[in-house]
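Below is one structure; the comments refer to it alone.
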Amino acid sequence: MFEVGVHAEFSATHRLRGDFGAATQPHGHAYRVEVVVRGPALGPDGTLLDVEALRRLLDDALSPLAGKDLDTVLGLCGLNTTAEVVARYLFDALRAGLLRLGDSASGRLGSLRVTVWESPEVWAGYDAPLHDPER
């Protein structure tokens, strides 16, 4: 299985709901996001996916979050904005972008993984098949 990935960073604020102590107060993170796509075969150009295309898709997915209060972002408001929830939000945005690339690129891809770090020690992720008919 081949894989290719990119990472980026953004800063945002949020607050957790529930029994999370001080994290229930508004606070910020310098988030780090890693995106990995996997697939069994390379294209005629010897790549699984152009990393620049993946980078653009990640930048596009992060632009609504950067510098924002995550609790007010469309698609996240009303949710408990844990790192797990943010990872799923980004997975959905990236999946949509990858599928728009067309069959020549997205057809080679088997899965997508998004990992979100709230700090160098704390992370959460979401990983699923790209072409899952249950989604």
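By order of appearance in the structure tokens: chains A, B, ..., then residues from 1 within every chain, and ligands from 1 in the order shown.
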
According to DSSP computed on the backbone, where in stretch 74-132 of chain A is there strand (DSSP E)? Give the residues as an MDAnalysis selection string. chainID A and resid 111:119 122:129

For C-alpha atoms, I'd like the residues from the last selection saved as a PDB file, in the first residue's frame.
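Once written, part-v1.pdb looks like this:
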ATOM      1  CA  SER A 111      -8.363   5.559   2.434  1.00  0.00           C
ATOM      2  CA  LEU A 112      -7.859   8.894   4.107  1.00  0.00           C
ATOM      3  CA  ARG A 113      -6.545   9.588   7.607  1.00  0.00           C
ATOM      4  CA  VAL A 114      -6.675  12.945   9.389  1.00  0.00           C
ATOM      5  CA  THR A 115      -4.789  13.492  12.645  1.00  0.00           C
ATOM      6  CA  VAL A 116      -5.238  16.672  14.703  1.00  0.00           C
ATOM      7  CA  TRP A 117      -2.768  17.671  17.430  1.00  0.00           C
ATOM      8  CA  GLU A 118      -3.951  20.128  20.092  1.00  0.00           C
ATOM      9  CA  SER A 119      -0.428  20.137  21.523  1.00  0.00           C
ATOM     10  CA  VAL A 122      -2.159  15.324  22.565  1.00  0.00           C
ATOM     11  CA  TRP A 123      -3.747  14.172  19.319  1.00  0.00           C
ATOM     12  CA  ALA A 124      -6.832  12.500  17.888  1.00  0.00           C
ATOM     13  CA  GLY A 125      -7.687  11.259  14.440  1.00  0.00           C
ATOM     14  CA  TYR A 126     -10.219   9.872  12.024  1.00  0.00           C
ATOM     15  CA  ASP A 127      -9.468   7.229   9.389  1.00  0.00           C
ATOM     16  CA  ALA A 128     -11.865   5.625   6.906  1.00  0.00           C
ATOM     17  CA  PRO A 129     -12.097   4.313   3.343  1.00  0.00           C
TER      18      PRO A 129
END

Which residues come within 10 Å of stretch 47-60 of chain A, counting only C-alpha atoms, excluding same-chain residues fewer than 6 positions away, as a PyMOL selection string? chain A and resi 1-10+33-41+66+90-91+93-98+101+104-106+108-109

Please produce a file of those selected residues containing C-alpha atoms, as an mmCIF file, in the first residue's frame.
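Saved result, selection03.cif, follows:
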data_model
loop_
_atom_site.group_PDB
_atom_site.id
_atom_site.type_symbol
_atom_site.label_atom_id
_atom_site.label_comp_id
_atom_site.auth_asym_id
_atom_site.auth_seq_id
_atom_site.Cartn_x
_atom_site.Cartn_y
_atom_site.Cartn_z
ATOM 1 C CA MET A 1 0.000 0.000 0.000
ATOM 2 C CA PHE A 2 1.389 3.407 -0.975
ATOM 3 C CA GLU A 3 0.765 6.509 1.070
ATOM 4 C CA VAL A 4 1.439 10.199 0.759
ATOM 5 C CA GLY A 5 0.769 12.966 3.232
ATOM 6 C CA VAL A 6 1.049 16.603 4.111
ATOM 7 C CA HIS A 7 0.703 18.616 7.289
ATOM 8 C CA ALA A 8 -0.213 22.166 8.195
ATOM 9 C CA GLU A 9 -0.867 24.297 11.244
ATOM 10 C CA PHE A 10 -3.570 26.726 12.298
ATOM 11 C CA VAL A 33 -2.991 18.634 11.179
ATOM 12 C CA GLU A 34 -1.586 15.676 9.273
ATOM 13 C CA VAL A 35 -3.383 14.190 6.283
ATOM 14 C CA VAL A 36 -2.456 10.829 4.752
ATOM 15 C CA VAL A 37 -4.030 9.178 1.702
ATOM 16 C CA ARG A 38 -3.368 5.527 0.915
ATOM 17 C CA GLY A 39 -3.865 3.420 -2.173
ATOM 18 C CA PRO A 40 -2.617 0.214 -3.781
ATOM 19 C CA ALA A 41 -1.432 1.575 -7.144
ATOM 20 C CA ALA A 66 -7.891 29.564 11.099
ATOM 21 C CA LEU A 90 -11.603 17.917 8.194
ATOM 22 C CA PHE A 91 -11.926 14.337 6.920
ATOM 23 C CA ALA A 93 -14.016 18.362 3.783
ATOM 24 C CA LEU A 94 -10.938 16.623 2.380
ATOM 25 C CA ARG A 95 -12.903 13.598 1.191
ATOM 26 C CA ALA A 96 -15.221 15.877 -0.784
ATOM 27 C CA GLY A 97 -12.241 17.638 -2.348
ATOM 28 C CA LEU A 98 -10.478 14.400 -3.215
ATOM 29 C CA LEU A 101 -10.428 15.412 -8.432
ATOM 30 C CA SER A 104 -8.074 9.304 -12.534
ATOM 31 C CA ALA A 105 -6.772 10.521 -9.165
ATOM 32 C CA SER A 106 -9.387 9.628 -6.567
ATOM 33 C CA ARG A 108 -6.475 5.117 -6.976
ATOM 34 C CA LEU A 109 -7.043 6.195 -3.380
#

Secondary structure check, alpha helix (DSSP H) residues of stretch 15-114 of chain A, as a PyMOL selection string: chain A and resi 51-62+83-100+103-106

Excluding A:Ala23 and residues on its chain fewer than 4 positions from it, collect all residues at most 12 Å away from it, counting only C-alpha atoms, and give them as number ranges by chain. A: 13-19, 27-29, 80-82, 118

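When only C-alpha atoms are used to measure the gap to A:Glu121, the shortest distance among A:Asp69, A:Tyr31, A:Ala12, A:Leu76 belongs to A:Tyr31.
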